[in-house]
$ cat structure.txt   # compact mmCIF, N, CA, C and O atoms
# COMPACT_ATOMS: atom_id res chain seq x y z
N MET A 1 137.28 62.29 36.52
CA MET A 1 136.19 61.70 35.78
C MET A 1 135.17 61.15 36.76
O MET A 1 135.49 60.44 37.69
N SER A 2 133.94 61.48 36.53
CA SER A 2 132.87 61.06 37.42
C SER A 2 132.32 59.70 36.99
O SER A 2 132.28 59.39 35.81
N ILE A 3 131.88 58.91 37.95
CA ILE A 3 131.28 57.62 37.63
C ILE A 3 129.81 57.78 37.30
O ILE A 3 129.18 56.84 36.85
N PHE A 4 129.27 58.96 37.53
CA PHE A 4 127.86 59.19 37.30
C PHE A 4 127.61 59.72 35.91
O PHE A 4 128.34 60.57 35.42
N LYS A 5 126.58 59.21 35.25
CA LYS A 5 126.23 59.67 33.91
C LYS A 5 125.67 61.07 33.99
O LYS A 5 124.90 61.40 34.88
N ARG A 6 126.05 61.91 33.03
CA ARG A 6 125.57 63.29 32.99
C ARG A 6 124.23 63.35 32.28
O ARG A 6 124.05 62.78 31.22
N SER A 7 123.28 64.05 32.86
CA SER A 7 121.99 64.30 32.24
C SER A 7 121.48 65.62 32.79
O SER A 7 121.98 66.13 33.77
N ASP A 8 120.49 66.18 32.16
CA ASP A 8 119.93 67.45 32.62
C ASP A 8 118.59 67.21 33.25
O ASP A 8 117.70 66.64 32.62
N PRO A 9 118.32 67.65 34.43
CA PRO A 9 119.29 68.15 35.41
C PRO A 9 120.05 66.99 36.05
O PRO A 9 119.63 65.85 35.96
N LEU A 10 121.14 67.31 36.71
CA LEU A 10 121.94 66.28 37.35
C LEU A 10 121.19 65.69 38.54
O LEU A 10 120.79 66.42 39.44
N PRO A 11 120.98 64.38 38.54
CA PRO A 11 120.29 63.77 39.68
C PRO A 11 121.23 63.72 40.89
O PRO A 11 122.44 63.58 40.76
N GLU A 12 120.64 63.86 42.06
CA GLU A 12 121.42 63.77 43.29
C GLU A 12 121.77 62.31 43.54
O GLU A 12 120.94 61.43 43.36
N PRO A 13 123.01 62.03 43.96
CA PRO A 13 123.35 60.65 44.32
C PRO A 13 122.57 60.22 45.56
O PRO A 13 122.15 61.06 46.37
N VAL A 14 122.37 58.93 45.69
CA VAL A 14 121.61 58.37 46.80
C VAL A 14 122.56 57.68 47.76
O VAL A 14 123.38 56.85 47.34
N GLU A 15 122.47 58.02 49.03
CA GLU A 15 123.30 57.34 50.03
C GLU A 15 122.73 55.96 50.32
O GLU A 15 121.55 55.82 50.63
N VAL A 16 123.59 54.94 50.20
CA VAL A 16 123.13 53.57 50.42
C VAL A 16 123.79 52.93 51.64
O VAL A 16 123.35 51.89 52.10
N ALA A 17 124.86 53.56 52.14
CA ALA A 17 125.55 52.98 53.30
C ALA A 17 126.34 54.07 54.01
O ALA A 17 126.71 55.08 53.41
N PHE A 18 126.60 53.82 55.28
CA PHE A 18 127.45 54.70 56.09
C PHE A 18 128.57 53.83 56.64
O PHE A 18 128.32 52.79 57.23
N ALA A 19 129.80 54.25 56.41
CA ALA A 19 130.97 53.49 56.88
C ALA A 19 131.67 54.29 57.97
O ALA A 19 131.74 55.52 57.91
N SER A 20 132.22 53.59 58.95
CA SER A 20 132.90 54.28 60.04
C SER A 20 134.31 54.72 59.67
O SER A 20 134.89 55.55 60.37
N ASN A 21 134.86 54.17 58.55
CA ASN A 21 136.19 54.59 58.09
C ASN A 21 136.37 54.22 56.62
O ASN A 21 135.50 53.57 56.03
N GLN A 22 137.48 54.62 56.02
CA GLN A 22 137.70 54.40 54.60
C GLN A 22 137.82 52.91 54.26
O GLN A 22 137.35 52.46 53.21
N THR A 23 138.41 52.12 55.14
CA THR A 23 138.55 50.69 54.89
C THR A 23 137.19 50.02 54.77
O THR A 23 136.95 49.21 53.87
N GLU A 24 136.30 50.36 55.68
CA GLU A 24 134.95 49.82 55.62
C GLU A 24 134.23 50.28 54.36
O GLU A 24 133.52 49.50 53.73
N ALA A 25 134.41 51.54 53.99
CA ALA A 25 133.80 52.07 52.77
C ALA A 25 134.33 51.34 51.54
O ALA A 25 133.56 51.03 50.61
N ASP A 26 135.63 51.02 51.52
CA ASP A 26 136.21 50.28 50.40
C ASP A 26 135.58 48.89 50.29
O ASP A 26 135.33 48.40 49.18
N LEU A 27 135.32 48.24 51.41
CA LEU A 27 134.69 46.93 51.41
C LEU A 27 133.28 47.01 50.82
O LEU A 27 132.89 46.20 49.97
N ILE A 28 132.52 48.01 51.24
CA ILE A 28 131.16 48.20 50.73
C ILE A 28 131.20 48.49 49.24
O ILE A 28 130.43 47.92 48.46
N GLN A 29 132.12 49.34 48.80
CA GLN A 29 132.25 49.65 47.38
C GLN A 29 132.63 48.41 46.57
O GLN A 29 132.18 48.25 45.44
N GLY A 30 133.45 47.54 47.13
CA GLY A 30 133.82 46.31 46.45
C GLY A 30 132.62 45.41 46.22
O GLY A 30 132.48 44.81 45.14
N ILE A 31 131.75 45.32 47.20
CA ILE A 31 130.53 44.52 47.06
C ILE A 31 129.63 45.11 45.98
O ILE A 31 129.10 44.39 45.13
N LEU A 32 129.48 46.43 46.00
CA LEU A 32 128.67 47.09 44.97
C LEU A 32 129.27 46.88 43.58
O LEU A 32 128.55 46.61 42.62
N ARG A 33 130.60 47.00 43.47
CA ARG A 33 131.29 46.83 42.19
C ARG A 33 131.06 45.44 41.62
O ARG A 33 130.86 45.27 40.42
N GLU A 34 131.09 44.41 42.49
CA GLU A 34 130.85 43.04 42.05
C GLU A 34 129.45 42.87 41.45
O GLU A 34 129.24 42.02 40.59
N GLU A 35 128.51 43.69 41.90
CA GLU A 35 127.15 43.64 41.37
C GLU A 35 126.94 44.60 40.20
O GLU A 35 125.82 44.75 39.72
N GLY A 36 128.01 45.27 39.78
CA GLY A 36 127.92 46.18 38.64
C GLY A 36 127.34 47.54 38.98
O GLY A 36 126.87 48.25 38.09
N ILE A 37 127.40 47.91 40.24
CA ILE A 37 126.84 49.20 40.68
C ILE A 37 127.98 50.16 40.95
O ILE A 37 128.79 49.92 41.85
N PRO A 38 128.06 51.27 40.20
CA PRO A 38 129.10 52.25 40.47
C PRO A 38 128.82 52.99 41.78
O PRO A 38 127.65 53.18 42.15
N SER A 39 129.86 53.37 42.48
CA SER A 39 129.68 54.08 43.74
C SER A 39 130.86 54.99 44.00
O SER A 39 131.89 54.90 43.33
N MET A 40 130.68 55.86 44.96
CA MET A 40 131.77 56.72 45.41
C MET A 40 131.53 57.05 46.87
O MET A 40 130.44 56.82 47.40
N THR A 41 132.56 57.57 47.53
CA THR A 41 132.41 57.94 48.93
C THR A 41 132.42 59.45 49.07
O THR A 41 133.03 60.16 48.27
N LYS A 42 131.71 59.91 50.08
CA LYS A 42 131.69 61.33 50.41
C LYS A 42 132.03 61.47 51.88
O LYS A 42 131.58 60.67 52.71
N LYS A 43 132.82 62.47 52.19
CA LYS A 43 133.16 62.75 53.59
C LYS A 43 132.09 63.67 54.18
O LYS A 43 131.59 64.56 53.50
N PRO A 44 131.75 63.46 55.43
CA PRO A 44 130.80 64.37 56.08
C PRO A 44 131.40 65.78 56.17
O PRO A 44 132.61 65.95 56.26
N ASN A 45 130.54 66.76 56.13
CA ASN A 45 130.99 68.15 56.27
C ASN A 45 131.58 68.38 57.66
O ASN A 45 131.10 67.83 58.65
N GLY A 46 132.64 69.15 57.71
CA GLY A 46 133.24 69.51 58.98
C GLY A 46 134.20 68.49 59.55
O GLY A 46 134.58 68.59 60.71
N SER A 47 134.63 67.53 58.76
CA SER A 47 135.57 66.53 59.26
C SER A 47 136.92 66.75 58.60
O SER A 47 137.19 66.26 57.53
N PHE A 48 137.77 67.52 59.25
CA PHE A 48 139.05 67.90 58.66
C PHE A 48 140.08 66.78 58.69
O PHE A 48 140.94 66.70 57.82
N LEU A 49 140.05 65.89 59.67
CA LEU A 49 141.03 64.82 59.75
C LEU A 49 140.90 63.82 58.62
O LEU A 49 141.86 63.19 58.22
N THR A 50 139.69 63.69 58.07
CA THR A 50 139.50 62.73 56.98
C THR A 50 140.22 63.18 55.72
O THR A 50 140.46 62.38 54.83
N ASP A 51 140.57 64.45 55.62
CA ASP A 51 141.34 64.92 54.47
C ASP A 51 142.79 64.46 54.56
O ASP A 51 143.45 64.28 53.55
N LEU A 52 143.29 64.26 55.76
CA LEU A 52 144.69 63.91 55.95
C LEU A 52 144.91 62.41 56.06
O LEU A 52 145.96 61.90 55.68
N PHE A 53 143.95 61.70 56.58
CA PHE A 53 144.10 60.27 56.85
C PHE A 53 142.89 59.52 56.30
O PHE A 53 141.89 60.11 55.96
N ALA A 54 142.99 58.22 56.27
CA ALA A 54 141.87 57.39 55.82
C ALA A 54 140.97 57.05 56.99
O ALA A 54 140.33 56.01 57.02
N MET A 55 140.93 57.93 57.98
CA MET A 55 140.09 57.68 59.14
C MET A 55 138.85 58.57 59.09
O MET A 55 138.78 59.49 58.30
N GLY A 56 137.92 58.25 59.89
CA GLY A 56 136.69 59.04 59.96
C GLY A 56 135.59 58.47 59.08
O GLY A 56 135.84 57.64 58.21
N PRO A 57 134.38 58.89 59.34
CA PRO A 57 133.22 58.33 58.65
C PRO A 57 133.17 58.69 57.17
O PRO A 57 133.74 59.70 56.74
N ARG A 58 132.48 57.86 56.41
CA ARG A 58 132.27 58.06 54.98
C ARG A 58 130.84 57.69 54.63
O ARG A 58 130.27 56.76 55.20
N HIS A 59 130.26 58.39 53.68
CA HIS A 59 128.96 58.05 53.12
C HIS A 59 129.22 57.39 51.77
O HIS A 59 129.98 57.91 50.96
N VAL A 60 128.62 56.24 51.53
CA VAL A 60 128.74 55.56 50.25
C VAL A 60 127.50 55.90 49.44
O VAL A 60 126.37 55.66 49.89
N VAL A 61 127.71 56.48 48.26
CA VAL A 61 126.59 56.93 47.43
C VAL A 61 126.66 56.27 46.06
O VAL A 61 127.73 55.89 45.58
N VAL A 62 125.48 56.12 45.45
CA VAL A 62 125.35 55.54 44.12
C VAL A 62 124.47 56.48 43.27
O VAL A 62 123.75 57.31 43.82
N PRO A 63 124.51 56.34 41.94
CA PRO A 63 123.63 57.15 41.10
C PRO A 63 122.16 56.85 41.43
O PRO A 63 121.80 55.71 41.75
N ALA A 64 121.33 57.85 41.32
CA ALA A 64 119.91 57.69 41.65
C ALA A 64 119.22 56.67 40.76
O ALA A 64 118.30 55.98 41.20
N SER A 65 119.69 56.52 39.55
CA SER A 65 119.05 55.55 38.63
C SER A 65 119.32 54.14 39.06
O SER A 65 118.63 53.22 38.76
$ encode --input "structure.txt" --output "structure tokens"
Amino acid sequence: MSIFKRSDPLPEPVEVAFASNQTEADLIQGILREEGIPSMTKKPNGSFLTDLFAMGPRHVVVPAS
């Protein structure tokens, strides 16, 4: 289930933060959640280790609206 509302056409999410690892991304998402802003993380392309571990950079994105 996506946190983003569906509309036509689908708006691109907006990157609001860059985290150096999943723990940092979780902290940023917690701050956004407290303000009522839904968010999700995206892994950079070409980073295979981030699939196996919670290490590596993450992009924190929110709905464009």
$ residues_around --input "structure.txt" --residues "Val16 of chain A" --least-positions-apart "4" --cutoff "6 Å" --atoms "all atoms listed in the file" --output "number ranges by chain"
A: 60-62
$ residues_around --input "structure.txt" --residues "segment 19-34 of chain A" --least-positions-apart "5" --cutoff "6 Å" --atoms "only N, CA, C and O atoms" --output "list in words"
Ala54, Met55, Gly56, Pro57, Arg58, His59 and Val60 of chain A
$ atom_distance --input "structure.txt" --atom1 "atom N of Pro44 of chain A" --atom2 "atom C of Ser65 of chain A"
22.6 Å
